[in-house]
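Enquirer: Structure supplied as entry.cif; contents: mmCIF, C-alpha atoms and all ligand atoms.
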```cif
data_start
loop_
_atom_site.label_atom_id
_atom_site.label_comp_id
_atom_site.auth_asym_id
_atom_site.auth_seq_id
_atom_site.Cartn_x
_atom_site.Cartn_y
_atom_site.Cartn_z
CA MET A 1 178.04 95.63 -70.65
CA THR A 2 178.90 94.99 -67.05
CA ASP A 3 181.01 97.50 -65.11
CA TYR A 4 183.86 95.13 -64.30
CA ALA A 5 185.76 97.63 -62.15
CA ALA A 6 182.70 98.19 -59.95
CA LEU A 7 182.01 94.45 -59.78
CA LEU A 8 185.58 93.79 -58.59
CA LYS A 9 185.55 96.61 -56.06
CA GLU A 10 182.19 95.49 -54.64
CA SER A 11 183.76 92.09 -54.09
CA GLY A 12 186.80 93.55 -52.35
CA LEU A 13 189.22 93.08 -55.23
CA LYS A 14 191.43 95.58 -57.00
CA ALA A 15 190.43 96.27 -60.59
CA THR A 16 193.66 95.23 -62.28
CA PHE A 17 193.88 95.10 -66.07
CA GLN A 18 194.36 91.32 -65.96
CA ARG A 19 191.12 90.84 -64.03
CA MET A 20 189.22 93.30 -66.22
CA ASN A 21 190.38 91.46 -69.33
CA ILE A 22 189.50 88.06 -67.93
CA LEU A 23 186.03 89.26 -66.91
CA GLU A 24 185.37 90.81 -70.31
CA CYS A 25 186.44 87.59 -72.01
CA ILE A 26 184.15 85.49 -69.81
CA ASP A 27 181.27 87.95 -70.29
CA VAL A 28 181.55 87.70 -74.08
CA HIS A 29 181.69 83.88 -74.11
CA GLY A 30 179.18 83.15 -71.34
CA HIS A 31 180.79 79.97 -70.05
CA ILE A 32 184.45 79.37 -70.80
CA SER A 33 187.37 77.21 -69.62
CA ILE A 34 190.60 78.63 -68.18
CA ASP A 35 192.57 77.42 -71.22
CA THR A 36 190.29 79.28 -73.62
CA ILE A 37 190.34 82.42 -71.46
CA TYR A 38 194.12 82.30 -71.54
CA GLU A 39 194.20 81.84 -75.34
CA GLN A 40 192.00 84.92 -75.69
CA VAL A 41 193.66 87.31 -73.23
CA VAL A 42 197.22 86.41 -74.22
CA LYS A 43 196.46 87.74 -77.72
CA ARG A 44 196.16 91.24 -76.26
CA HIS A 45 198.65 90.87 -73.41
CA SER A 46 201.42 88.55 -74.46
CA SER A 47 203.20 88.94 -71.10
CA LEU A 48 200.36 87.22 -69.22
CA SER A 49 201.13 83.71 -68.04
CA LEU A 50 198.66 80.86 -67.67
CA ALA A 51 199.56 80.74 -63.96
CA THR A 52 198.52 84.39 -63.51
CA VAL A 53 195.23 83.84 -65.31
CA TYR A 54 194.61 80.73 -63.22
CA LYS A 55 195.43 82.50 -59.93
CA ASN A 56 193.14 85.43 -60.75
CA ILE A 57 190.25 83.19 -61.72
CA ILE A 58 190.50 81.16 -58.50
CA LEU A 59 190.61 84.41 -56.49
CA MET A 60 187.58 85.79 -58.32
CA VAL A 61 185.67 82.54 -57.67
CA GLU A 62 186.55 82.80 -53.97
CA ASN A 63 185.32 86.39 -53.88
CA GLY A 64 182.07 85.60 -55.65
CA VAL A 65 182.78 87.45 -58.90
CA LEU A 66 182.91 84.23 -60.91
CA VAL A 67 181.13 80.89 -60.65
CA GLU A 68 182.80 77.60 -61.51
CA VAL A 69 180.70 75.11 -63.46
CA PRO A 70 182.21 71.63 -63.13
CA ILE A 71 181.86 69.43 -66.21
CA THR A 72 182.14 65.67 -65.81
CA GLY A 73 185.26 64.38 -67.53
CA LYS A 74 186.26 67.85 -68.76
CA LYS A 75 187.76 71.06 -67.49
CA SER A 76 185.48 73.37 -65.53
CA LYS A 77 183.96 76.42 -67.17
CA TYR A 78 183.57 79.80 -65.55
CA GLU A 79 180.89 82.44 -65.79
CA LEU A 80 180.21 85.85 -64.29
CA ILE A 81 178.02 85.86 -61.23
CA LYS A 82 174.40 86.42 -62.27
CA GLU A 83 170.91 85.61 -61.12
CA ASP A 84 170.40 81.98 -60.08
CA HIS A 85 169.75 79.78 -63.08
CA ILE A 86 169.86 76.16 -64.14
CA HIS A 87 172.61 74.74 -66.33
CA LEU A 88 172.18 72.18 -69.06
CA VAL A 89 175.68 70.75 -69.42
CA CYS A 90 176.62 68.60 -72.43
CA THR A 91 179.22 66.05 -71.37
CA GLU A 92 180.12 65.41 -75.04
CA CYS A 93 181.01 68.92 -76.28
CA GLY A 94 181.14 70.71 -72.93
CA GLU A 95 178.54 73.31 -73.93
CA VAL A 96 176.77 74.94 -71.01
CA GLU A 97 173.34 76.45 -71.56
CA ASP A 98 171.58 78.77 -69.10
CA LYS A 99 167.95 78.13 -68.27
CA PRO A 100 165.91 80.33 -65.96
CA MET A 101 165.16 79.08 -62.48
CA HIS A 102 161.45 78.47 -61.98
CA ALA A 103 159.49 79.63 -58.97
CA PHE A 104 158.76 76.02 -58.01
CA THR A 105 162.47 75.07 -57.98
CA ASN A 106 163.20 77.98 -55.66
CA GLY A 107 160.29 76.97 -53.44
CA LEU A 108 161.58 73.40 -53.34
CA PHE A 109 165.07 74.47 -52.22
CA THR A 110 163.66 76.82 -49.61
CA SER A 111 161.46 74.09 -48.14
CA ILE A 112 164.30 71.51 -48.07
CA THR A 113 166.80 73.85 -46.43
CA GLU A 114 164.25 75.26 -43.97
CA GLN A 115 163.26 71.77 -42.87
CA GLU A 116 166.89 71.02 -42.10
CA HIS A 117 167.55 74.42 -40.50
CA PHE A 118 170.27 74.74 -43.05
CA THR A 119 171.45 78.23 -43.97
CA LEU A 120 171.72 78.31 -47.73
CA SER A 121 174.46 80.59 -49.04
CA LYS A 122 175.02 79.33 -52.55
CA GLN A 123 173.20 77.02 -54.92
CA GLN A 124 174.02 75.62 -58.32
CA ILE A 125 171.87 73.28 -60.33
CA ASN A 126 173.59 71.49 -63.17
CA LEU A 127 171.81 68.96 -65.35
CA TYR A 128 174.28 66.77 -67.24
CA GLY A 129 173.54 65.00 -70.47
CA VAL A 130 173.98 65.15 -74.24
CA CYS A 131 172.87 68.21 -76.21
CA ILE A 132 170.78 68.00 -79.39
CA HIS A 133 173.79 68.78 -81.64
CA CYS A 134 175.85 65.95 -80.19
CA GLN A 135 172.87 63.58 -80.45
CA GLU A 136 172.57 64.43 -84.14
CA ALA A 137 176.30 63.94 -84.66
CA VAL A 138 176.02 60.36 -83.43
CA ALA A 139 172.87 59.51 -85.42
ZN ZN B 1 177.00 68.70 -77.04
ZN ZN B 2 175.35 79.90 -66.45
#
```
What would you get if you wrote out this structure as C-alpha cells?

Expert:
Amino acid sequence: MTDYAALLKESGLKATFQRMNILECIDVHGHISIDTIYEQVVKRHSSLSLATVYKNIILMVENGVLVEVPITGKKSKYELIKEDHIHLVCTECGEVEDKPMHAFTNGLFTSITEQEHFTLSKQQINLYGVCIHCQEAVA
C-alpha cells in the first residue's frame, strides 16, 4: 500500500482525511471517475460533498499526485501517479488498462523532443478503441 500522507506531503499538500480517502479509493480501483470516487467515499464520510471531492481531485492533479485520463465521450478517470505506462482505453465501457512502456517508445519520445529542443515534463500515451469484452458483447 502506498503511504498517502507521505505522497501528499512530498507534493506540497496537507494530508487531510478527505485526500487520504480519495487516494485510497483511487489506489484500490486503479482508474476511476470522480462520480464513482464520490459514491465510494461518501459511504464512509456522509458529510463530504461532490464539490469537495472534485476540488481536491483537481488540486491533486495540479500537484502531480494524480493523473487524469481523458476518455472520449465519457468522464475522465483518475489514477495515482506511477511509472510511465501506456493506456488502452475502451470507448465503449470506459475501462482503462495499464500496459508497460517499452524501451523503444521511450527512445522514440526522447529523439522527437530532443530534435525539437523541447523540454519534456509530462507524457501520457492513450490508445483508444474497443476492448475484447465489448467486442464480444456486440458479436
Ligand atoms: Zn470495453
Ligand atoms: Zn494507468

Enquirer: Can you measure CA of Thr91 (chain A) to CA of Cys134 (chain A) for me? One decimal in Å is fine.

Expert: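 Value for the CA of Thr91 (chain A)-CA of Cys134 (chain A) distance: 9.4 Å.
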
Enquirer: I'd like the neighbourhood of Val42 (chain A) as a list in words, where a residue qualifies if any of its atoms comes within 12 Å (using all atoms listed in the file), though same-chain residues fewer than 3 positions away should be ignored.

Expert: Gln18, Asn21, Ile22, Cys25, Ile34, Asp35, Thr36, Ile37, Tyr38, Glu39, His45, Ser46, Ser47, Leu48, Ser49, Leu50, Ala51, Thr52 and Val53 of chain A

Enquirer: Using the selection just defined, write its residues with C-alpha atoms as an mmCIF file, in the frame of the given file.

Expert:
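New file selection.cif:
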```
data_model
loop_
_atom_site.group_PDB
_atom_site.id
_atom_site.type_symbol
_atom_site.label_atom_id
_atom_site.label_comp_id
_atom_site.auth_asym_id
_atom_site.auth_seq_id
_atom_site.Cartn_x
_atom_site.Cartn_y
_atom_site.Cartn_z
ATOM 1 C CA GLN A 18 194.360 91.320 -65.960
ATOM 2 C CA ASN A 21 190.380 91.460 -69.330
ATOM 3 C CA ILE A 22 189.500 88.060 -67.930
ATOM 4 C CA CYS A 25 186.440 87.590 -72.010
ATOM 5 C CA ILE A 34 190.600 78.630 -68.180
ATOM 6 C CA ASP A 35 192.570 77.420 -71.220
ATOM 7 C CA THR A 36 190.290 79.280 -73.620
ATOM 8 C CA ILE A 37 190.340 82.420 -71.460
ATOM 9 C CA TYR A 38 194.120 82.300 -71.540
ATOM 10 C CA GLU A 39 194.200 81.840 -75.340
ATOM 11 C CA HIS A 45 198.650 90.870 -73.410
ATOM 12 C CA SER A 46 201.420 88.550 -74.460
ATOM 13 C CA SER A 47 203.200 88.940 -71.100
ATOM 14 C CA LEU A 48 200.360 87.220 -69.220
ATOM 15 C CA SER A 49 201.130 83.710 -68.040
ATOM 16 C CA LEU A 50 198.660 80.860 -67.670
ATOM 17 C CA ALA A 51 199.560 80.740 -63.960
ATOM 18 C CA THR A 52 198.520 84.390 -63.510
ATOM 19 C CA VAL A 53 195.230 83.840 -65.310
#
```

Enquirer: When the cut-off is 6 Å and you count all atoms listed in the file, which residues lie near ligand ZN 1 (chain B), shown as a short mmCIF file (atom, residue, chain, number, x, y, z; two decimals) with C-alpha atoms, in the coordinates of the input?

Expert:
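Done, and the output landed in part32.cif:
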```cif
data_model
loop_
_atom_site.label_atom_id
_atom_site.label_comp_id
_atom_site.auth_asym_id
_atom_site.auth_seq_id
_atom_site.Cartn_x
_atom_site.Cartn_y
_atom_site.Cartn_z
CA CYS A 90 176.62 68.60 -72.43
CA GLU A 92 180.12 65.41 -75.04
CA CYS A 93 181.01 68.92 -76.28
CA GLU A 95 178.54 73.31 -73.93
CA VAL A 130 173.98 65.15 -74.24
CA CYS A 131 172.87 68.21 -76.21
CA HIS A 133 173.79 68.78 -81.64
CA CYS A 134 175.85 65.95 -80.19
#
```

Enquirer: Ranking A:Asp27, A:Asp3, A:Glu79, A:Asp84 by minimum distance to His102 (chain A) and counting all atoms listed in the file, which one comes first?

Expert: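 Ranked by minimum distance to His102 (chain A), first place goes to A:Asp84.
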
Enquirer: Counting all atoms listed in the file, which of A:Ile112, A:Leu127, A:Val67, A:Leu59 gets nearest to ligand ZN 2 (chain B)?

Expert: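 Of A:Ile112, A:Leu127, A:Val67, A:Leu59, the one nearest ligand ZN 2 (chain B), counting all atoms listed in the file, is A:Val67.
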
Enquirer: List the residues sitting within 12 Å of (187.6, 66.7, -68.3) in the file's frame, using all atoms listed in the file, as a list in words.

Expert: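 With a cut-off of 12 Å, the residues come to Ser33, Val69, Pro70, Ile71, Thr72, Gly73, Lys74, Lys75, Ser76, Lys77, Cys90, Thr91, Glu92, Cys93 and Gly94 of chain A.
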
Enquirer: Show me which residues sit within 10 Å of ligand ZN 2 (chain B) when counting all atoms listed in the file, and put them as a list in words.

Expert: Gly30, His31, Val67, Glu68, Val69, Lys77, Tyr78, Glu79, Leu80, Ile81, Lys82, Glu83, Asp84, His85, Ile86, His87, Leu88, Val89, Val96, Glu97, Asp98, Lys99, Pro100, Gln124, Ile125 and Asn126 of chain A

Enquirer: To one decimal place in Å, what is the distance between CA of Asn63 (chain A) and CA of Tyr4 (chain A)?

Expert: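 Separation between CA of Asn63 (chain A) and CA of Tyr4 (chain A): 13.7 Å.
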
Enquirer: Could you state the separation of CA of Ser11 (chain A) and CA of Glu62 (chain A) in Å, given to one decimal place?

Expert: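 Separation of CA of Ser11 (chain A) and CA of Glu62 (chain A): 9.7 Å.
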
Enquirer: Pick from A:Leu120, A:Ala137, A:Val28, A:Met20: nearest to Ala5 (chain A), with only C-alpha atoms counted?

Expert: A:Met20

Enquirer: Fewer than 5 positions away in the same chain doesn't count, so skip those; otherwise give me all residues within 9 Å of Met60 (chain A), counting all atoms listed in the file, as a list in words.

Expert: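 Answer for this query is Leu8, Ser11, Leu13, Arg19, Lys55, Val65, Leu66 and Val67 of chain A.
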
Enquirer: Give the padded box for region 63-71 of chain A as AutoDock Vina command-line options: axis-aligned, covering all atoms listed in the file, 6 Å on each side, centre and edge lengths in Å to one decimal.

Expert:
```
--center_x 183.0 --center_y 78.4 --center_z -60.0 --size_x 16.6 --size_y 30.0 --size_z 24.3
```
